[in-house]
Amino acid sequence: MSKIPRNFKLLEELEKGEKGLGAESISYGLTNQDDITMTNWNGTIIGPPHSNHENRIYSLNIICDEIYPDKPPKVRFISKINLPCVDNQGNVMVEEFDTLKNWKRSYTMETVLLELRKSMASASNKKLQQPEEGSTY
Amino acid sequence: MAALPKRIIKETERLVSDPVPGITAIPSEENLRYFEVTIDGPNSSPYANGVFHLELYLPDDYPMCAPKVRFLTKIYHPNIDKLGRICLDVLKDNWSPALQIRTILLSIQALLGAPNPDDPLANDVAEDWKKDEKKAIEVAKEWTEKYASKKEYSEN
C-alpha cells in the first residue's frame, strides 16, 4: 500500500460523507463548502438506543490540520455531553480515547465518530446522567 | 514503501526529460506517487497568462484506475468546483490504462480552453455561464488575474 496524501484522503472522506455511503448513525461534512484546505469539519452522532443518549443528536467540530492523517484530528463536542473522555470544554481528550491515542493512518473521521458512539453506548457510560438536551459548550 | 512500478518510473522520467509545453509535473520527494503540477492557461481562453497549480496522485491501482487530480488554485470554470475537483470523463468512466499522466494533464488543459456548462460540476458557475457567457468569461478572467498570476501564488 502506498501512502495516500492528506488532501486525497480527505477528498475520499468528503465524497463518502456527501454521498451518505457510510454508517447511518453518524454524518460529517466540511464546515465551509469552499474551504480548499479541508481543515474544518462538522460531525454529528445520533445517540445510541437503550442509553441516556437515545433520541439525541450530538454536534461536533473536527479539525484536520496539515499533519492529518499522520496524526489524529482534534475533536470537540459542541453539544454538551457527560462522557469520561470529554473534558469540561467539550474536547475529546487524546489520552482518554483509544482511537485518538493509538491513532492509525488508515483511520478516518468516520472511525472517530463511530468509536465515540460506541463509547456512549458502553455498559459503563450508557447510564451516565446527561446535561440538558440541546445545551452547548 | 513498496517498489514503484516500472510504468510510473518511465512516465515520470519522460515528464522530466520531455516535458509537455505549458505543463510541469514534479514528483514529491517523500511520495513518488504524488506530483506537484502546474498548467498554463491556454492562450485563447479566459485563463490565458494564468499559471494554475494542481496536485496529482497515482493510487495503488494505477494504471487500472485513473490518477486523482485536483486544482489548488481557485478557478472560475463550470467543470471545476470550489474545492478544485474536476469533472472530466477521462478521469472517471472513460479512463483507460492506455492513457497517461501527460495525456490527462493535456485533457485538463484542453478543458480550460473548452468549458462545458452542459455537464457541470460547479452548478452555480455553469448557470452563470449559460445565462450570460460574456459576463462569465469576464469573471473567469478576473479570477485568473487575482488567483493565478505567478506573483500571487508565491506570495501566499
# chains A, B, ... in the order shown; residues from 1 in each chain; ligands from 1
call {"tool": "interface_residues", "arguments": {"of": "chain B", "to": "chain A", "cutoff": "10 Å", "atoms": "only C-alpha atoms", "output": "JSON, numbers by chain"}}
result
{"B": [1, 2, 3, 4, 30, 31, 32, 33, 34, 55, 56, 57, 58, 59, 60, 61, 68, 69, 70, 71, 72, 73, 74, 81, 82, 83, 84, 85]}
call {"tool": "write_last_selection", "arguments": {"atoms": "N, CA, C and O atoms", "output": "short mmCIF file (atom, residue, chain, number, x, y, z; two decimals), in the first residue's frame"}}
result
data_model
loop_
_atom_site.label_atom_id
_atom_site.label_comp_id
_atom_site.auth_asym_id
_atom_site.auth_seq_id
_atom_site.Cartn_x
_atom_site.Cartn_y
_atom_site.Cartn_z
N MET B 1 8.48 1.81 1.82
CA MET B 1 7.44 1.91 0.78
C MET B 1 7.67 0.83 -0.28
O MET B 1 8.81 0.49 -0.61
N ALA B 2 6.59 0.30 -0.79
CA ALA B 2 6.67 -0.72 -1.84
C ALA B 2 7.37 -0.13 -3.06
O ALA B 2 7.34 1.07 -3.29
N ALA B 3 8.01 -1.01 -3.85
CA ALA B 3 8.72 -0.54 -5.03
C ALA B 3 7.74 0.12 -5.99
O ALA B 3 6.59 -0.31 -6.12
N LEU B 4 8.22 1.16 -6.65
CA LEU B 4 7.39 1.89 -7.59
C LEU B 4 7.31 1.08 -8.90
O LEU B 4 8.33 0.64 -9.41
N GLU B 30 9.02 12.85 -0.93
CA GLU B 30 8.56 11.90 0.07
C GLU B 30 7.68 10.80 -0.50
O GLU B 30 7.59 9.71 0.05
N ASN B 31 6.97 11.13 -1.57
CA ASN B 31 6.00 10.19 -2.12
C ASN B 31 6.01 10.30 -3.64
O ASN B 31 5.51 11.28 -4.20
N LEU B 32 6.61 9.29 -4.28
CA LEU B 32 6.81 9.38 -5.73
C LEU B 32 5.51 9.18 -6.52
O LEU B 32 5.51 9.28 -7.73
N ARG B 33 4.43 8.90 -5.81
CA ARG B 33 3.12 8.81 -6.49
C ARG B 33 2.36 10.13 -6.42
O ARG B 33 1.24 10.23 -6.88
N TYR B 34 2.98 11.12 -5.77
CA TYR B 34 2.30 12.40 -5.55
C TYR B 34 3.05 13.49 -6.30
O TYR B 34 4.25 13.66 -6.09
N GLU B 55 -2.60 19.27 -7.82
CA GLU B 55 -1.91 18.13 -7.21
C GLU B 55 -2.46 16.87 -7.86
O GLU B 55 -3.62 16.81 -8.26
N LEU B 56 -1.59 15.88 -8.00
CA LEU B 56 -1.96 14.64 -8.67
C LEU B 56 -1.43 13.46 -7.87
O LEU B 56 -0.31 13.51 -7.37
N TYR B 57 -2.25 12.44 -7.76
CA TYR B 57 -1.84 11.25 -7.01
C TYR B 57 -2.19 9.99 -7.80
O TYR B 57 -3.27 9.88 -8.37
N LEU B 58 -1.24 9.07 -7.85
CA LEU B 58 -1.45 7.80 -8.53
C LEU B 58 -1.80 6.74 -7.49
O LEU B 58 -0.94 6.31 -6.73
N PRO B 59 -3.08 6.33 -7.43
CA PRO B 59 -3.49 5.34 -6.42
C PRO B 59 -2.81 3.99 -6.67
O PRO B 59 -2.24 3.77 -7.74
N ASP B 60 -2.91 3.10 -5.69
CA ASP B 60 -2.30 1.78 -5.80
C ASP B 60 -2.72 1.05 -7.08
O ASP B 60 -1.94 0.31 -7.65
N ASP B 61 -3.97 1.26 -7.50
CA ASP B 61 -4.48 0.53 -8.66
C ASP B 61 -4.04 1.11 -10.00
O ASP B 61 -4.31 0.54 -11.05
N LYS B 68 -5.74 10.65 -9.50
CA LYS B 68 -6.59 11.62 -8.81
C LYS B 68 -5.96 12.98 -9.03
O LYS B 68 -4.75 13.14 -8.78
N VAL B 69 -6.75 13.95 -9.46
CA VAL B 69 -6.21 15.28 -9.73
C VAL B 69 -7.13 16.35 -9.16
O VAL B 69 -8.35 16.20 -9.21
N ARG B 70 -6.52 17.40 -8.62
CA ARG B 70 -7.31 18.49 -8.06
C ARG B 70 -6.60 19.82 -8.28
O ARG B 70 -5.38 19.91 -8.15
N PHE B 71 -7.38 20.87 -8.58
CA PHE B 71 -6.82 22.22 -8.66
C PHE B 71 -6.57 22.75 -7.26
O PHE B 71 -7.41 22.59 -6.38
N LEU B 72 -5.42 23.38 -7.06
CA LEU B 72 -5.16 24.06 -5.80
C LEU B 72 -5.37 25.56 -5.94
O LEU B 72 -5.60 26.26 -4.97
N THR B 73 -5.28 26.04 -7.20
CA THR B 73 -5.53 27.46 -7.47
C THR B 73 -7.03 27.63 -7.70
O THR B 73 -7.64 26.84 -8.41
N LYS B 74 -7.60 28.67 -7.08
CA LYS B 74 -9.01 28.96 -7.30
C LYS B 74 -9.24 29.25 -8.79
O LYS B 74 -8.46 29.98 -9.40
N ASP B 81 -15.06 22.53 -9.34
CA ASP B 81 -15.82 23.06 -8.21
C ASP B 81 -14.94 23.86 -7.24
O ASP B 81 -13.74 24.05 -7.48
N LYS B 82 -15.56 24.34 -6.16
CA LYS B 82 -14.88 25.23 -5.23
C LYS B 82 -13.70 24.57 -4.54
O LYS B 82 -12.82 25.24 -4.01
N LEU B 83 -13.71 23.24 -4.49
CA LEU B 83 -12.60 22.53 -3.85
C LEU B 83 -11.55 22.10 -4.87
O LEU B 83 -10.61 21.40 -4.54
N GLY B 84 -11.75 22.50 -6.12
CA GLY B 84 -10.78 22.18 -7.15
C GLY B 84 -10.99 20.83 -7.80
O GLY B 84 -10.16 20.37 -8.59
N ARG B 85 -12.11 20.18 -7.47
CA ARG B 85 -12.39 18.88 -8.08
C ARG B 85 -12.82 19.08 -9.54
O ARG B 85 -13.52 20.03 -9.86
#
call {"tool": "select_by_dssp", "arguments": {"residues": "chain A", "states": "helix (DSSP H, G or I)", "output": "number ranges by chain"}}
result
A: 6-19, 94-96, 98-101, 109-121
call {"tool": "atom_distance", "arguments": {"atom1": "CA of Arg6 in chain A", "atom2": "CA of Pro73 in chain A"}}
result
11.8 Å
call {"tool": "residues_around", "arguments": {"residues": "Ala136 in chain B", "least_positions_apart": "2", "cutoff": "12 Å", "atoms": "only C-alpha atoms", "output": "list of chain:residue names"}}
result
B:Pro46, B:Tyr47, B:Ile75, B:Tyr76, B:His77, B:Pro78, B:Pro115, B:Pro117, B:Asp124, B:Val125, B:Ala126, B:Glu127, B:Asp128, B:Trp129, B:Lys130, B:Lys131, B:Asp132, B:Glu133, B:Lys134, B:Glu138, B:Val139, B:Ala140, B:Lys141, B:Glu142, B:Trp143
call {"tool": "residues_around", "arguments": {"residues": "Ile62 in chain A", "least_positions_apart": "5", "cutoff": "10 Å", "atoms": "only C-alpha atoms", "output": "PyMOL selection string"}}
result
chain A and resi 28-31+39-43+73-77+109+112-113
call {"tool": "write_last_selection", "arguments": {"atoms": "all heavy atoms", "output": "tab-separated table (two decimals), in the first residue's frame"}}
result
chain	number	residue	atom	x	y	z
A	28	TYR	N	-20.87	13.59	8.59
A	28	TYR	CA	-19.82	14.60	8.66
A	28	TYR	C	-19.70	15.29	7.32
A	28	TYR	O	-20.07	14.74	6.28
A	28	TYR	CB	-18.47	13.97	9.05
A	28	TYR	CG	-18.10	12.78	8.20
A	28	TYR	CD1	-17.31	12.93	7.07
A	28	TYR	CD2	-18.57	11.51	8.52
A	28	TYR	CE1	-17.00	11.84	6.27
A	28	TYR	CE2	-18.27	10.43	7.71
A	28	TYR	CZ	-17.49	10.60	6.59
A	28	TYR	OH	-17.20	9.53	5.79
A	29	GLY	N	-19.21	16.52	7.36
A	29	GLY	CA	-19.02	17.30	6.13
A	29	GLY	C	-18.19	18.52	6.43
A	29	GLY	O	-17.93	18.85	7.60
A	30	LEU	N	-17.76	19.21	5.37
A	30	LEU	CA	-16.96	20.41	5.55
A	30	LEU	C	-17.79	21.52	6.18
A	30	LEU	O	-18.95	21.70	5.81
A	30	LEU	CB	-16.43	20.90	4.20
A	30	LEU	CG	-15.18	20.24	3.63
A	30	LEU	CD1	-14.93	20.76	2.23
A	30	LEU	CD2	-13.98	20.50	4.52
A	31	THR	N	-17.19	22.28	7.08
A	31	THR	CA	-17.89	23.42	7.68
A	31	THR	C	-18.16	24.48	6.61
A	31	THR	O	-19.26	25.02	6.52
A	31	THR	CB	-17.05	24.02	8.83
A	31	THR	OG1	-16.73	22.97	9.73
A	31	THR	CG2	-17.81	25.11	9.56
A	39	THR	N	-9.90	21.83	6.23
A	39	THR	CA	-9.43	21.75	7.61
A	39	THR	C	-10.57	21.56	8.62
A	39	THR	O	-10.48	20.73	9.52
A	39	THR	CB	-8.64	23.03	7.97
A	39	THR	OG1	-7.59	23.18	7.03
A	39	THR	CG2	-8.05	22.95	9.38
A	40	ASN	N	-11.63	22.36	8.48
A	40	ASN	CA	-12.71	22.36	9.48
A	40	ASN	C	-13.90	21.53	9.03
A	40	ASN	O	-14.45	21.75	7.95
A	40	ASN	CB	-13.17	23.80	9.74
A	40	ASN	CG	-12.22	24.50	10.68
A	40	ASN	OD1	-12.09	24.11	11.83
A	40	ASN	ND2	-11.53	25.51	10.16
A	41	TRP	N	-14.32	20.63	9.92
A	41	TRP	CA	-15.42	19.71	9.58
A	41	TRP	C	-16.46	19.73	10.70
A	41	TRP	O	-16.13	19.95	11.87
A	41	TRP	CB	-14.88	18.29	9.42
A	41	TRP	CG	-13.91	18.15	8.30
A	41	TRP	CD1	-12.63	18.64	8.25
A	41	TRP	CD2	-14.12	17.49	7.05
A	41	TRP	NE1	-12.04	18.31	7.05
A	41	TRP	CE2	-12.93	17.61	6.30
A	41	TRP	CE3	-15.21	16.80	6.49
A	41	TRP	CZ2	-12.78	17.07	5.02
A	41	TRP	CZ3	-15.07	16.27	5.22
A	41	TRP	CH2	-13.87	16.40	4.48
A	42	ASN	N	-17.70	19.48	10.29
A	42	ASN	CA	-18.77	19.28	11.25
A	42	ASN	C	-19.10	17.80	11.30
A	42	ASN	O	-19.14	17.14	10.27
A	42	ASN	CB	-20.05	20.00	10.81
A	42	ASN	CG	-19.90	21.50	10.89
A	42	ASN	OD1	-19.15	22.00	11.72
A	42	ASN	ND2	-20.61	22.20	10.03
A	43	GLY	N	-19.36	17.32	12.50
A	43	GLY	CA	-19.79	15.93	12.61
A	43	GLY	C	-21.06	15.85	13.44
A	43	GLY	O	-21.35	16.75	14.24
A	73	PRO	N	-7.06	13.81	14.19
A	73	PRO	CA	-7.71	15.13	14.16
A	73	PRO	C	-8.00	15.61	15.59
A	73	PRO	O	-7.95	14.81	16.53
A	73	PRO	CB	-9.01	14.86	13.41
A	73	PRO	CG	-9.33	13.43	13.70
A	73	PRO	CD	-8.00	12.74	13.81
A	74	LYS	N	-8.28	16.91	15.72
A	74	LYS	CA	-8.73	17.44	17.01
A	74	LYS	C	-10.25	17.40	17.00
A	74	LYS	O	-10.89	17.91	16.08
A	74	LYS	CB	-8.24	18.88	17.21
A	74	LYS	CG	-6.74	18.95	17.40
A	74	LYS	CD	-6.29	20.38	17.69
A	74	LYS	CE	-4.78	20.43	17.87
A	74	LYS	NZ	-4.06	20.06	16.61
A	75	VAL	N	-10.82	16.79	18.04
A	75	VAL	CA	-12.26	16.56	18.06
A	75	VAL	C	-12.87	17.23	19.27
A	75	VAL	O	-12.36	17.09	20.38
A	75	VAL	CB	-12.55	15.04	18.09
A	75	VAL	CG1	-14.05	14.79	17.94
A	75	VAL	CG2	-11.78	14.31	16.99
A	76	ARG	N	-13.95	17.98	19.04
A	76	ARG	CA	-14.59	18.70	20.13
A	76	ARG	C	-16.11	18.59	20.00
A	76	ARG	O	-16.66	18.77	18.91
A	76	ARG	CB	-14.19	20.17	20.07
A	76	ARG	CG	-14.56	20.99	21.30
A	76	ARG	CD	-13.97	22.39	21.21
A	76	ARG	NE	-14.59	23.16	20.14
A	76	ARG	CZ	-15.74	23.83	20.28
A	76	ARG	NH1	-16.40	23.82	21.42
A	76	ARG	NH2	-16.24	24.51	19.28
A	77	PHE	N	-16.75	18.27	21.11
A	77	PHE	CA	-18.21	18.27	21.13
A	77	PHE	C	-18.71	19.71	21.21
A	77	PHE	O	-18.19	20.50	22.00
A	77	PHE	CB	-18.74	17.50	22.35
A	77	PHE	CG	-18.87	16.01	22.10
A	77	PHE	CD1	-17.78	15.16	22.28
A	77	PHE	CD2	-20.09	15.48	21.69
A	77	PHE	CE1	-17.90	13.80	22.06
A	77	PHE	CE2	-20.22	14.11	21.47
A	77	PHE	CZ	-19.12	13.27	21.65
A	109	MET	N	-12.42	10.07	9.88
A	109	MET	CA	-13.35	10.77	10.77
A	109	MET	C	-14.53	9.86	11.12
A	109	MET	O	-15.05	9.93	12.23
A	109	MET	CB	-13.85	12.05	10.10
A	109	MET	CG	-12.81	13.15	10.10
A	109	MET	SD	-13.42	14.61	9.26
A	109	MET	CE	-12.95	14.21	7.58
A	112	VAL	N	-13.62	7.76	14.03
A	112	VAL	CA	-13.67	8.51	15.29
A	112	VAL	C	-15.11	8.63	15.78
A	112	VAL	O	-15.41	8.36	16.95
A	112	VAL	CB	-13.05	9.92	15.10
A	112	VAL	CG1	-13.25	10.77	16.33
A	112	VAL	CG2	-11.57	9.81	14.75
A	113	LEU	N	-16.02	9.02	14.88
A	113	LEU	CA	-17.40	9.25	15.29
A	113	LEU	C	-18.06	7.94	15.73
A	113	LEU	O	-18.79	7.90	16.73
A	113	LEU	CB	-18.19	9.90	14.15
A	113	LEU	CG	-17.72	11.33	13.79
A	113	LEU	CD1	-18.38	11.81	12.50
A	113	LEU	CD2	-18.03	12.31	14.92
call {"tool": "select_by_dssp", "arguments": {"residues": "chain A", "states": "strand (DSSP E)", "output": "list in words"}}
result
Ile26, Ser27, Tyr28, Gly29, Leu30, Asn40, Trp41, Asn42, Gly43, Thr44, Ile45, Ile46, Ile57, Tyr58, Ser59, Leu60, Asn61, Ile62, Ile63, Lys74, Val75, Arg76 and Phe77 of chain A
call {"tool": "atom_distance", "arguments": {"atom1": "CA of Ser119 in chain A", "atom2": "CA of Asn61 in chain A"}}
result
17.7 Å
call {"tool": "atom_distance", "arguments": {"atom1": "CA of Leu54 in chain B", "atom2": "CA of Ile104 in chain B"}}
result
12.3 Å
call {"tool": "residues_around", "arguments": {"residues": "Thr12 in chain B", "least_positions_apart": "4", "cutoff": "9 Å", "atoms": "only C-alpha atoms", "output": "JSON, numbers by chain"}}
result
{"B": [7, 8, 16, 17, 25, 26, 27, 32, 101]}
call {"tool": "decode", "arguments": {"residues": "range 15-28 of chain B", "atoms": "N, CA, C and O atoms", "output": "JSON list (two decimals), in the first residue's frame"}}
result
[["chain", "number", "residue", "atom", "x", "y", "z"],
["B", 15, "LEU", "N", 8.26, 12.70, -18.25],
["B", 15, "LEU", "CA", 7.70, 14.02, -17.92],
["B", 15, "LEU", "C", 8.82, 15.03, -17.68],
["B", 15, "LEU", "O", 8.68, 16.21, -17.98],
["B", 16, "VAL", "N", 9.93, 14.54, -17.12],
["B", 16, "VAL", "CA", 11.05, 15.43, -16.82],
["B", 16, "VAL", "C", 11.91, 15.66, -18.07],
["B", 16, "VAL", "O", 12.28, 16.79, -18.39],
["B", 17, "SER", "N", 12.22, 14.57, -18.80],
["B", 17, "SER", "CA", 13.15, 14.70, -19.93],
["B", 17, "SER", "C", 12.48, 15.32, -21.16],
["B", 17, "SER", "O", 13.12, 15.97, -21.96],
["B", 18, "ASP", "N", 11.18, 15.10, -21.30],
["B", 18, "ASP", "CA", 10.47, 15.57, -22.49],
["B", 18, "ASP", "C", 9.16, 16.23, -22.04],
["B", 18, "ASP", "O", 8.08, 15.69, -22.27],
["B", 19, "PRO", "N", 9.27, 17.36, -21.36],
["B", 19, "PRO", "CA", 8.06, 17.93, -20.76],
["B", 19, "PRO", "C", 7.07, 18.44, -21.80],
["B", 19, "PRO", "O", 7.46, 18.77, -22.92],
["B", 20, "VAL", "N", 5.81, 18.46, -21.43],
["B", 20, "VAL", "CA", 4.77, 18.99, -22.31],
["B", 20, "VAL", "C", 4.82, 20.51, -22.19],
["B", 20, "VAL", "O", 4.87, 21.04, -21.08],
["B", 21, "PRO", "N", 4.79, 21.23, -23.33],
["B", 21, "PRO", "CA", 4.82, 22.70, -23.24],
["B", 21, "PRO", "C", 3.65, 23.22, -22.40],
["B", 21, "PRO", "O", 2.51, 22.78, -22.56],
["B", 22, "GLY", "N", 3.96, 24.11, -21.47],
["B", 22, "GLY", "CA", 2.90, 24.72, -20.66],
["B", 22, "GLY", "C", 2.44, 23.87, -19.50],
["B", 22, "GLY", "O", 1.49, 24.22, -18.81],
["B", 23, "ILE", "N", 3.10, 22.73, -19.28],
["B", 23, "ILE", "CA", 2.71, 21.85, -18.17],
["B", 23, "ILE", "C", 3.96, 21.37, -17.44],
["B", 23, "ILE", "O", 4.95, 21.00, -18.08],
["B", 24, "THR", "N", 3.95, 21.42, -16.11],
["B", 24, "THR", "CA", 5.03, 20.79, -15.35],
["B", 24, "THR", "C", 4.41, 19.80, -14.36],
["B", 24, "THR", "O", 3.29, 20.01, -13.88],
["B", 25, "ALA", "N", 5.14, 18.73, -14.10],
["B", 25, "ALA", "CA", 4.69, 17.74, -13.11],
["B", 25, "ALA", "C", 5.93, 17.21, -12.41],
["B", 25, "ALA", "O", 6.78, 16.59, -13.03],
["B", 26, "ILE", "N", 6.04, 17.53, -11.12],
["B", 26, "ILE", "CA", 7.24, 17.14, -10.37],
["B", 26, "ILE", "C", 6.83, 16.23, -9.21],
["B", 26, "ILE", "O", 6.01, 16.61, -8.38],
["B", 27, "PRO", "N", 7.41, 15.01, -9.17],
["B", 27, "PRO", "CA", 7.04, 14.12, -8.06],
["B", 27, "PRO", "C", 7.59, 14.63, -6.73],
["B", 27, "PRO", "O", 8.66, 15.24, -6.69],
["B", 28, "SER", "N", 6.83, 14.39, -5.68],
["B", 28, "SER", "CA", 7.27, 14.79, -4.35],
["B", 28, "SER", "C", 8.41, 13.88, -3.91],
["B", 28, "SER", "O", 8.44, 12.70, -4.24]]
